[in-house]
Amino acid sequence: MGNKIKLENLTYYYKDKKAVDNISLSLHSGKFITILGPSGCGKTTVLKLIGGYLSPTKGSIFIDETDITSSSACSRKIGMVFQNYALFPHLSARKNIAFPLEIRKLPKNECEKKVDAISELIGLTQKEIERKPSELSGGQRQRVALARALVFEPHLLLLDEPLANLDKVLKTKLRSEIQKLQKEVNVTTIMVTHDHEEALSNSDLIGVMDQGKLMQVNNPKIIYDNPNSVFVANFLGVTNIIPANFFNISKSGKAHIRPEKIKIGNEANECNWKKNGIITGITFMGADFLIDLTTNEGVHFKILTRDQSSFPLGSTITIGIDIESIWLIPENHKDV
Amino acid sequence: MIKNLIPFIFVSPALSLIILTIIAPLILMIRVSLLKPPEGTGFYIPDTFSLQNYQSLFDTYRISILINTIIFALEVSFLSILLGFGFAILMQELSNLWRIICFTCLLLPKFISPLIIVFGLQRILGSHGIINELLIATHLINEPLDLIRNHFGALIGEIYLTIPFVTLFLFYQLTSIDKETHNAATGLGASNYQVFRKITLPMCYPGILIIWQLSIAWNLGSFLGPLLLGGPSNTTISCEIYHQAFEIGNWPLAATWGVLMTAIIMTFIWLPKLTISFMFKENPK
């Protein structure tokens, strides 16, 4: 397992609208890429194009060196987990998982062996896989769908918002399980999600999409700290986009700094850039507090801090930033 | 005490309607079936009691009518479901506009009396009907084909009356299947035929079973098709009831047939129900 995948100028028109706009992407074998974007940005369409459920208006798809653009969905050997799981309701979980093997006419005992092996790997008990999908919980259904997509050793695994229908606790649990499983099976994986936390925690690479375009592809750290556009910066979580001339680092353009990089109180004094401001809002976030601050010049900052007890609402405090940690968003991208 | 009566008060209109329109006539029918058939004048001999009508059913001609009715209902149901299912699948693949056109064509005949439909079919299929005229005009045949007054005609008539319901029912059964299920099966390597055979068709079984049961119940009472488009050998129980009640005037025998038909229809409705509950015993969901 573990195949390379390459997309070349992939374009898809839905009616007159460009749902997928000239996407090129190359992914090494065994890697995990997350395509992150808001609803309707075309990320699921990309998966459907790769899976063969839609055929692209333009462009090509390669697995290793083979062009699969025109081959049918059933001959592509790509495992996909759908958002609603799309399990076959009339078949037991075991039969669901065995489906791709039975289609390939594998001998019965070999079939059983593979189903048992993958079920164990994925954490489904013998008792659970004898049940019908309607008798399984959301998390178990998710596992069955995953097992079904992996059992026939696909070239590629596609996950369409696999965790969207689960509660927060289960989400976090399955998130790390999927990641572990992916490394264990070593299958090249493309996941689609709108949840930036999911993307940041799981992936080797993140591709951020907006309005059919792939805005930036890079590893999670770079996407988070060094976004190439305001859109990417905002989509990866709460952030500060400040005119760059405010920091005197550039005449024009926008500076980007994450709220947790801004220091307040005593820590601020050690920084090489300081400003005073009034606290205009405090939001409790669980582990931290998000402080809204307005400087004397009228620039708004968002600051994430562990402890806000010494900074009451309305008080004037000093904020400090290490100039080196400010990222200048490249200007060659058009931003709204 | 009065509190317990309140539910009965509320359902009493519906209950009395059922008693008045279903149970009372049924009891009346059973009573009439136990009267002696008329001798000479009248429709029955009042204030008599005999099982003679039931005994008279055991004769080769009447048993053949009974068997013919059941076989005919099975044939019509089977063919209607076969054609209706095909039509429903086709309709699912069509664009919205064509789907509406299909629906209209399917439902429009249901707005007019079935009698008119069957007369229409008679005109179309008759020896001087459109089909025969067309075939003769194109020199494909020299003599008109016998399309009516035989088994084929009766089948066509009843299938035409049954198929709209079957198609509609199966169409909604099909649309209730998630499109992603189809995609998932394809993605796992199944060809279109395999998807149909292993996913779509099995998922439709419950619906097919229900419509099969309904269709048999309807067609055990088929009347117009066999009467107007069928031949003498296609006589069904309904035709025989009509014949006995209105042409011969033997009400007790007609009522006996009626009792028998009610019993048969009830059996055919309960049979699949028992099968279903047996089939899904392990999985009550």
# chains A, B, ... in the order shown; residues from 1 in each chain; ligands from 1
>>> interface_residues(of="chain A", to="chain B", cutoff="7 Å", atoms="only C-alpha atoms", output="PyMOL selection string")
chain A and resi 51+53+73-75+77-79+86-88+90+100+103
>>> residues_around(residues="segment 161-174 of chain B", least_positions_apart="6", cutoff="7 Å", atoms="only C-alpha atoms", output="VMD selection string")
chain B and resid 80 to 81 84 to 85 87 to 88 106 to 107 204 207 211
>>> atom_distance(atom1="atom CA of Thr69 of chain B", atom2="atom CA of Tyr242 of chain B")
14.3 Å
>>> residues_around(residues="segment 247-260 of chain A", least_positions_apart="5", cutoff="7 Å", atoms="only C-alpha atoms", output="mmCIF file with N, CA and C atoms, in the first residue's frame")
data_model
loop_
_atom_site.group_PDB
_atom_site.id
_atom_site.type_symbol
_atom_site.label_atom_id
_atom_site.label_comp_id
_atom_site.auth_asym_id
_atom_site.auth_seq_id
_atom_site.Cartn_x
_atom_site.Cartn_y
_atom_site.Cartn_z
ATOM 1 N N THR A 239 -7.255 35.228 14.926
ATOM 2 C CA THR A 239 -5.940 35.806 14.647
ATOM 3 C C THR A 239 -6.018 37.326 14.564
ATOM 4 N N ASN A 240 -4.839 37.953 14.470
ATOM 5 C CA ASN A 240 -4.754 39.408 14.318
ATOM 6 C C ASN A 240 -4.183 39.740 12.957
ATOM 7 N N ILE A 241 -4.931 40.513 12.205
ATOM 8 C CA ILE A 241 -4.416 41.016 10.926
ATOM 9 C C ILE A 241 -4.321 42.527 11.099
ATOM 10 N N ILE A 242 -3.103 43.036 11.130
ATOM 11 C CA ILE A 242 -2.866 44.443 11.445
ATOM 12 C C ILE A 242 -2.102 45.064 10.269
ATOM 13 N N LYS A 302 -6.377 40.886 19.488
ATOM 14 C CA LYS A 302 -6.928 39.771 20.264
ATOM 15 C C LYS A 302 -5.741 39.041 20.885
ATOM 16 N N ILE A 303 -5.841 38.787 22.174
ATOM 17 C CA ILE A 303 -4.725 38.185 22.886
ATOM 18 C C ILE A 303 -5.233 36.982 23.657
ATOM 19 N N LEU A 304 -4.489 35.889 23.554
ATOM 20 C CA LEU A 304 -4.840 34.692 24.306
ATOM 21 C C LEU A 304 -3.930 34.581 25.510
ATOM 22 N N THR A 305 -4.514 34.444 26.690
ATOM 23 C CA THR A 305 -3.676 34.367 27.885
ATOM 24 C C THR A 305 -4.221 33.323 28.860
ATOM 25 N N ILE A 326 6.262 38.230 13.958
ATOM 26 C CA ILE A 326 5.213 38.776 13.089
ATOM 27 C C ILE A 326 5.436 38.265 11.667
ATOM 28 N N TRP A 327 4.397 37.854 11.061
ATOM 29 C CA TRP A 327 4.476 37.317 9.690
ATOM 30 C C TRP A 327 3.806 38.309 8.748
ATOM 31 N N LEU A 328 4.557 38.692 7.724
ATOM 32 C CA LEU A 328 4.011 39.620 6.745
ATOM 33 C C LEU A 328 3.305 38.808 5.656
ATOM 34 N N ILE A 329 2.001 39.020 5.524
ATOM 35 C CA ILE A 329 1.257 38.252 4.511
ATOM 36 C C ILE A 329 1.656 38.729 3.125
ATOM 37 N N GLU A 331 1.812 39.966 -0.570
ATOM 38 C CA GLU A 331 0.794 40.840 -1.156
ATOM 39 C C GLU A 331 0.333 40.407 -2.533
#
>>> residues_around(residues="Lys180 of chain A", least_positions_apart="3", cutoff="12 Å", atoms="only C-alpha atoms", output="list of chain:residue names")
A:Phe32, A:Leu121, A:Ile122, A:Lys173, A:Leu174, A:Arg175, A:Ser176, A:Glu177, A:Lys183, A:Glu184, A:Val185, A:Asn186, A:Val187, A:Ser201, A:Asn202, A:Ser203
>>> write_last_selection(atoms="C-alpha atoms", output="mmCIF file, in the first residue's frame")
data_model
loop_
_atom_site.group_PDB
_atom_site.id
_atom_site.type_symbol
_atom_site.label_atom_id
_atom_site.label_comp_id
_atom_site.auth_asym_id
_atom_site.auth_seq_id
_atom_site.Cartn_x
_atom_site.Cartn_y
_atom_site.Cartn_z
ATOM 1 C CA PHE A 32 -2.050 12.335 5.055
ATOM 2 C CA LEU A 121 -7.253 -3.377 13.870
ATOM 3 C CA ILE A 122 -10.059 -0.829 13.807
ATOM 4 C CA LYS A 173 -10.840 9.935 20.217
ATOM 5 C CA LEU A 174 -11.490 8.822 16.656
ATOM 6 C CA ARG A 175 -9.318 11.606 15.302
ATOM 7 C CA SER A 176 -6.220 10.182 16.916
ATOM 8 C CA GLU A 177 -7.302 6.642 16.076
ATOM 9 C CA LYS A 183 0.294 5.351 9.702
ATOM 10 C CA GLU A 184 -0.099 1.684 10.571
ATOM 11 C CA VAL A 185 -1.715 0.735 7.268
ATOM 12 C CA ASN A 186 0.452 3.302 5.504
ATOM 13 C CA VAL A 187 -2.250 4.301 3.058
ATOM 14 C CA SER A 201 -3.881 17.754 14.584
ATOM 15 C CA ASN A 202 -4.113 15.022 11.975
ATOM 16 C CA SER A 203 -2.263 15.915 8.870
#
>>> atom_distance(atom1="atom CA of Thr45 of chain A", atom2="atom CA of Tyr13 of chain A")
10.1 Å
>>> select_by_dssp(residues="segment 135-243 of chain A", states="alpha helix (DSSP H)", output="count of residues only")
50
>>> atom_distance(atom1="atom CA of Gly225 of chain B", atom2="atom CA of Ile156 of chain B")
7.7 Å
>>> residues_around(residues="segment 130-135 of chain A", least_positions_apart="6", cutoff="12 Å", atoms="only C-alpha atoms", output="list in words")
Asn84, Tyr85, Ala86, Leu87, Phe88, Pro89, His90, Leu91, Ser92, Ala93, Arg94, Lys95, Asn96, Ile97, Ala98, Val115, Asp116, Ser119, Leu124, Arg141, Gln142, Arg143, Val144 and Ala145 of chain A; Glu282, Asn283, Pro284 and Lys285 of chain B
>>> write_last_selection(atoms="N, CA and C atoms", output="PDB file, in the first residue's frame")
ATOM      1  N   ASN A  84     -22.042  10.586   5.577  1.00  0.00           N
ATOM      2  CA  ASN A  84     -23.116   9.881   6.302  1.00  0.00           C
ATOM      3  C   ASN A  84     -22.835   8.378   6.352  1.00  0.00           C
ATOM      4  N   TYR A  85     -21.612   8.002   6.075  1.00  0.00           N
ATOM      5  CA  TYR A  85     -21.092   6.615   6.108  1.00  0.00           C
ATOM      6  C   TYR A  85     -21.556   5.756   4.941  1.00  0.00           C
ATOM      7  N   ALA A  86     -22.799   5.978   4.457  1.00  0.00           N
ATOM      8  CA  ALA A  86     -23.332   5.210   3.323  1.00  0.00           C
ATOM      9  C   ALA A  86     -23.143   3.707   3.501  1.00  0.00           C
ATOM     10  N   LEU A  87     -23.424   3.218   4.690  1.00  0.00           N
ATOM     11  CA  LEU A  87     -23.386   1.768   4.908  1.00  0.00           C
ATOM     12  C   LEU A  87     -24.618   1.149   4.251  1.00  0.00           C
ATOM     13  N   PHE A  88     -24.515  -0.134   3.907  1.00  0.00           N
ATOM     14  CA  PHE A  88     -25.662  -0.806   3.303  1.00  0.00           C
ATOM     15  C   PHE A  88     -26.572  -1.295   4.425  1.00  0.00           C
ATOM     16  N   PRO A  89     -27.757  -0.700   4.565  1.00  0.00           N
ATOM     17  CA  PRO A  89     -28.577  -0.959   5.754  1.00  0.00           C
ATOM     18  C   PRO A  89     -29.106  -2.385   5.843  1.00  0.00           C
ATOM     19  N   HIS A  90     -29.182  -3.074   4.702  1.00  0.00           N
ATOM     20  CA  HIS A  90     -29.762  -4.418   4.744  1.00  0.00           C
ATOM     21  C   HIS A  90     -28.720  -5.496   5.039  1.00  0.00           C
ATOM     22  N   LEU A  91     -27.463  -5.090   5.121  1.00  0.00           N
ATOM     23  CA  LEU A  91     -26.404  -6.071   5.382  1.00  0.00           C
ATOM     24  C   LEU A  91     -25.823  -5.841   6.770  1.00  0.00           C
ATOM     25  N   SER A  92     -25.361  -6.915   7.396  1.00  0.00           N
ATOM     26  CA  SER A  92     -24.710  -6.790   8.692  1.00  0.00           C
ATOM     27  C   SER A  92     -23.370  -6.075   8.496  1.00  0.00           C
ATOM     28  N   ALA A  93     -22.812  -5.601   9.614  1.00  0.00           N
ATOM     29  CA  ALA A  93     -21.532  -4.909   9.527  1.00  0.00           C
ATOM     30  C   ALA A  93     -20.490  -5.797   8.858  1.00  0.00           C
ATOM     31  N   ARG A  94     -20.506  -7.088   9.211  1.00  0.00           N
ATOM     32  CA  ARG A  94     -19.549  -8.024   8.610  1.00  0.00           C
ATOM     33  C   ARG A  94     -19.701  -8.063   7.090  1.00  0.00           C
ATOM     34  N   LYS A  95     -20.953  -8.166   6.646  1.00  0.00           N
ATOM     35  CA  LYS A  95     -21.220  -8.224   5.200  1.00  0.00           C
ATOM     36  C   LYS A  95     -20.841  -6.908   4.523  1.00  0.00           C
ATOM     37  N   ASN A  96     -21.056  -5.812   5.244  1.00  0.00           N
ATOM     38  CA  ASN A  96     -20.665  -4.511   4.723  1.00  0.00           C
ATOM     39  C   ASN A  96     -19.170  -4.472   4.470  1.00  0.00           C
ATOM     40  N   ILE A  97     -18.411  -4.921   5.474  1.00  0.00           N
ATOM     41  CA  ILE A  97     -16.960  -4.868   5.354  1.00  0.00           C
ATOM     42  C   ILE A  97     -16.485  -5.839   4.273  1.00  0.00           C
ATOM     43  N   ALA A  98     -17.167  -6.980   4.168  1.00  0.00           N
ATOM     44  CA  ALA A  98     -16.739  -7.987   3.195  1.00  0.00           C
ATOM     45  C   ALA A  98     -17.146  -7.640   1.769  1.00  0.00           C
ATOM     46  N   VAL A 115     -11.585  -9.744   6.922  1.00  0.00           N
ATOM     47  CA  VAL A 115     -12.579  -8.959   7.657  1.00  0.00           C
ATOM     48  C   VAL A 115     -12.245  -8.978   9.153  1.00  0.00           C
ATOM     49  N   ASP A 116     -11.907 -10.152   9.661  1.00  0.00           N
ATOM     50  CA  ASP A 116     -11.561 -10.256  11.082  1.00  0.00           C
ATOM     51  C   ASP A 116     -10.341  -9.410  11.406  1.00  0.00           C
ATOM     52  N   SER A 119     -11.191  -5.669  11.274  1.00  0.00           N
ATOM     53  CA  SER A 119     -12.094  -5.293  12.359  1.00  0.00           C
ATOM     54  C   SER A 119     -11.327  -5.165  13.671  1.00  0.00           C
ATOM     55  N   LEU A 124     -13.314  -3.122  16.303  1.00  0.00           N
ATOM     56  CA  LEU A 124     -14.694  -3.609  16.312  1.00  0.00           C
ATOM     57  C   LEU A 124     -14.671  -5.037  16.839  1.00  0.00           C
ATOM     58  N   ARG A 141     -20.469   2.865  13.561  1.00  0.00           N
ATOM     59  CA  ARG A 141     -20.763   2.955  12.125  1.00  0.00           C
ATOM     60  C   ARG A 141     -19.563   3.537  11.383  1.00  0.00           C
ATOM     61  N   GLN A 142     -18.994   4.578  12.012  1.00  0.00           N
ATOM     62  CA  GLN A 142     -17.823   5.219  11.458  1.00  0.00           C
ATOM     63  C   GLN A 142     -16.694   4.196  11.261  1.00  0.00           C
ATOM     64  N   ARG A 143     -16.530   3.349  12.255  1.00  0.00           N
ATOM     65  CA  ARG A 143     -15.466   2.338  12.189  1.00  0.00           C
ATOM     66  C   ARG A 143     -15.753   1.321  11.095  1.00  0.00           C
ATOM     67  N   VAL A 144     -17.039   0.929  10.986  1.00  0.00           N
ATOM     68  CA  VAL A 144     -17.398  -0.034   9.941  1.00  0.00           C
ATOM     69  C   VAL A 144     -17.103   0.567   8.569  1.00  0.00           C
ATOM     70  N   ALA A 145     -17.479   1.838   8.396  1.00  0.00           N
ATOM     71  CA  ALA A 145     -17.244   2.504   7.115  1.00  0.00           C
ATOM     72  C   ALA A 145     -15.749   2.549   6.809  1.00  0.00           C
TER      73      ALA A 145
ATOM     74  N   GLU B 282     -35.545 -12.063  13.604  1.00  0.00           N
ATOM     75  CA  GLU B 282     -34.259 -11.885  14.284  1.00  0.00           C
ATOM     76  C   GLU B 282     -33.947 -10.414  14.498  1.00  0.00           C
ATOM     77  N   ASN B 283     -34.356  -9.580  13.517  1.00  0.00           N
ATOM     78  CA  ASN B 283     -34.047  -8.161  13.611  1.00  0.00           C
ATOM     79  C   ASN B 283     -35.327  -7.356  13.625  1.00  0.00           C
ATOM     80  N   PRO B 284     -35.859  -7.108  14.802  1.00  0.00           N
ATOM     81  CA  PRO B 284     -37.148  -6.419  14.869  1.00  0.00           C
ATOM     82  C   PRO B 284     -37.119  -5.030  14.257  1.00  0.00           C
ATOM     83  N   LYS B 285     -35.911  -4.443  14.115  1.00  0.00           N
ATOM     84  CA  LYS B 285     -35.862  -3.118  13.499  1.00  0.00           C
ATOM     85  C   LYS B 285     -36.048  -3.263  12.005  1.00  0.00           C
TER      86      LYS B 285
END
>>> residues_around(residues="segment 116-133 of chain B", least_positions_apart="2", cutoff="10 Å", atoms="only C-alpha atoms", output="PyMOL selection string")
chain B and resi 109-110+112-114+135-149+153-154+156-158+160-161+224-225+227-229
>>> write_last_selection(atoms="C-alpha atoms", output="short mmCIF file (atom, residue, chain, number, x, y, z; two decimals), in the first residue's frame")
data_model
loop_
_atom_site.label_atom_id
_atom_site.label_comp_id
_atom_site.auth_asym_id
_atom_site.auth_seq_id
_atom_site.Cartn_x
_atom_site.Cartn_y
_atom_site.Cartn_z
CA PRO B 109 -55.63 7.60 -16.91
CA LYS B 110 -56.42 7.25 -13.22
CA ILE B 112 -61.08 8.66 -15.75
CA SER B 113 -63.24 5.67 -15.17
CA PRO B 114 -61.51 2.31 -15.62
CA LEU B 135 -49.35 -3.74 -38.88
CA ILE B 136 -51.50 -4.55 -41.91
CA ALA B 137 -50.73 -1.21 -43.54
CA THR B 138 -47.01 -1.87 -43.20
CA HIS B 139 -47.54 -5.42 -44.57
CA LEU B 140 -46.00 -7.01 -41.53
CA ILE B 141 -49.10 -9.21 -41.23
CA ASN B 142 -51.96 -10.05 -43.56
CA GLU B 143 -54.61 -11.13 -41.07
CA PRO B 144 -55.40 -9.07 -37.95
CA LEU B 145 -53.85 -10.47 -34.79
CA ASP B 146 -56.14 -11.65 -31.99
CA LEU B 147 -55.09 -9.24 -29.28
CA ILE B 148 -58.36 -9.22 -27.35
CA ARG B 149 -61.02 -11.71 -26.38
CA GLY B 153 -56.19 -9.08 -23.77
CA ALA B 154 -57.32 -9.70 -20.21
CA ILE B 156 -53.08 -6.21 -20.84
CA GLY B 157 -56.24 -4.66 -19.43
CA GLU B 158 -55.56 -5.52 -15.81
CA TYR B 160 -52.72 -1.33 -17.45
CA LEU B 161 -54.99 -0.68 -14.46
CA LEU B 224 -63.24 -5.34 -16.27
CA GLY B 225 -60.16 -6.75 -17.98
CA LEU B 227 -64.93 -9.37 -18.84
CA LEU B 228 -64.32 -6.93 -21.69
CA LEU B 229 -60.92 -7.93 -23.05
#
>>> residues_around(residues="Asn269 of chain A", least_positions_apart="4", cutoff="8 Å", atoms="only C-alpha atoms", output="VMD selection string")
chain A and resid 265 274 320
>>> closest_residue(among="A:Phe62, A:Tyr14, A:Phe152, A:Phe311", to="Phe289 of chain A", atoms="only C-alpha atoms")
A:Phe311
>>> select_by_dssp(residues="segment 62-172 of chain A", states="strand (DSSP E or B)", output="ChimeraX atom specification")
/A:62-63,66-67,78-81,156-160
>>> closest_residue(among="A:Thr318, A:Ala19, A:Leu205, A:Lys105", to="Ser39 of chain A", atoms="only C-alpha atoms")
A:Ala19
>>> decode(residues="segment 57-138 of chain B", atoms="C-alpha atoms", output="tab-separated table (two decimals), in the first residue's frame")
chain	number	residue	atom	x	y	z
B	57	LEU	CA	-68.82	-24.86	-5.72
B	58	PHE	CA	-67.14	-28.26	-5.85
B	59	ASP	CA	-67.62	-28.83	-9.51
B	60	THR	CA	-64.92	-28.81	-12.16
B	61	TYR	CA	-66.10	-25.68	-13.92
B	62	ARG	CA	-66.35	-23.64	-10.73
B	63	ILE	CA	-63.06	-24.91	-9.35
B	64	SER	CA	-61.45	-23.95	-12.62
B	65	ILE	CA	-62.83	-20.41	-12.21
B	66	LEU	CA	-61.33	-20.27	-8.73
B	67	ILE	CA	-57.92	-21.50	-9.88
B	68	ASN	CA	-58.05	-19.25	-12.93
B	69	THR	CA	-58.74	-16.20	-10.74
B	70	ILE	CA	-55.78	-16.91	-8.45
B	71	ILE	CA	-53.37	-17.66	-11.30
B	72	PHE	CA	-54.55	-14.57	-13.15
B	73	ALA	CA	-53.98	-12.36	-10.08
B	74	LEU	CA	-50.50	-13.82	-9.63
B	75	GLU	CA	-49.67	-13.29	-13.30
B	76	VAL	CA	-50.90	-9.70	-13.35
B	77	SER	CA	-49.07	-8.87	-10.09
B	78	PHE	CA	-45.83	-10.45	-11.24
B	79	LEU	CA	-45.83	-8.73	-14.63
B	80	SER	CA	-46.98	-5.39	-13.19
B	81	ILE	CA	-44.17	-5.41	-10.65
B	82	LEU	CA	-41.62	-6.49	-13.25
B	83	LEU	CA	-42.67	-3.74	-15.67
B	84	GLY	CA	-43.41	-1.19	-12.95
B	85	PHE	CA	-40.01	-1.70	-11.31
B	86	GLY	CA	-38.26	-1.27	-14.65
B	87	PHE	CA	-40.29	1.84	-15.31
B	88	ALA	CA	-39.55	3.21	-11.82
B	89	ILE	CA	-35.79	2.69	-12.33
B	90	LEU	CA	-35.99	4.41	-15.70
B	91	MET	CA	-37.93	7.32	-14.21
B	92	GLN	CA	-35.30	7.75	-11.53
B	93	GLU	CA	-32.63	8.26	-14.18
B	94	LEU	CA	-34.65	10.86	-16.08
B	95	SER	CA	-34.33	14.62	-15.80
B	96	ASN	CA	-36.95	16.48	-13.79
B	97	LEU	CA	-38.98	17.56	-16.82
B	98	TRP	CA	-39.21	14.05	-18.25
B	99	ARG	CA	-40.01	12.68	-14.85
B	100	ILE	CA	-43.00	15.02	-14.57
B	101	ILE	CA	-44.13	14.02	-18.06
B	102	CYS	CA	-43.87	10.34	-17.09
B	103	PHE	CA	-45.80	10.94	-13.88
B	104	THR	CA	-48.54	12.72	-15.81
B	105	CYS	CA	-48.83	9.93	-18.37
B	106	LEU	CA	-48.94	7.44	-15.54
B	107	LEU	CA	-51.56	9.22	-13.45
B	108	LEU	CA	-53.78	10.84	-16.05
B	109	PRO	CA	-55.63	7.60	-16.91
B	110	LYS	CA	-56.42	7.25	-13.22
B	111	PHE	CA	-58.62	10.35	-13.41
B	112	ILE	CA	-61.08	8.66	-15.75
B	113	SER	CA	-63.24	5.67	-15.17
B	114	PRO	CA	-61.51	2.31	-15.62
B	115	LEU	CA	-64.45	1.31	-17.77
B	116	ILE	CA	-63.54	3.97	-20.30
B	117	ILE	CA	-59.91	2.90	-20.19
B	118	VAL	CA	-60.83	-0.69	-20.92
B	119	PHE	CA	-63.14	0.38	-23.76
B	120	GLY	CA	-60.26	2.47	-25.08
B	121	LEU	CA	-57.96	-0.53	-24.98
B	122	GLN	CA	-60.62	-2.50	-26.83
B	123	ARG	CA	-60.56	0.06	-29.62
B	124	ILE	CA	-56.77	0.09	-29.74
B	125	LEU	CA	-56.22	-3.66	-29.61
B	126	GLY	CA	-59.30	-4.83	-31.53
B	127	SER	CA	-59.11	-6.47	-34.96
B	128	HIS	CA	-59.79	-3.07	-36.54
B	129	GLY	CA	-57.82	-1.21	-33.89
B	130	ILE	CA	-54.82	1.04	-34.42
B	131	ILE	CA	-52.24	-1.69	-33.83
B	132	ASN	CA	-53.70	-4.18	-36.27
B	133	GLU	CA	-54.40	-1.50	-38.90
B	134	LEU	CA	-50.85	-0.27	-38.59
B	135	LEU	CA	-49.35	-3.74	-38.88
B	136	ILE	CA	-51.50	-4.55	-41.91
B	137	ALA	CA	-50.73	-1.21	-43.54
B	138	THR	CA	-47.01	-1.87	-43.20
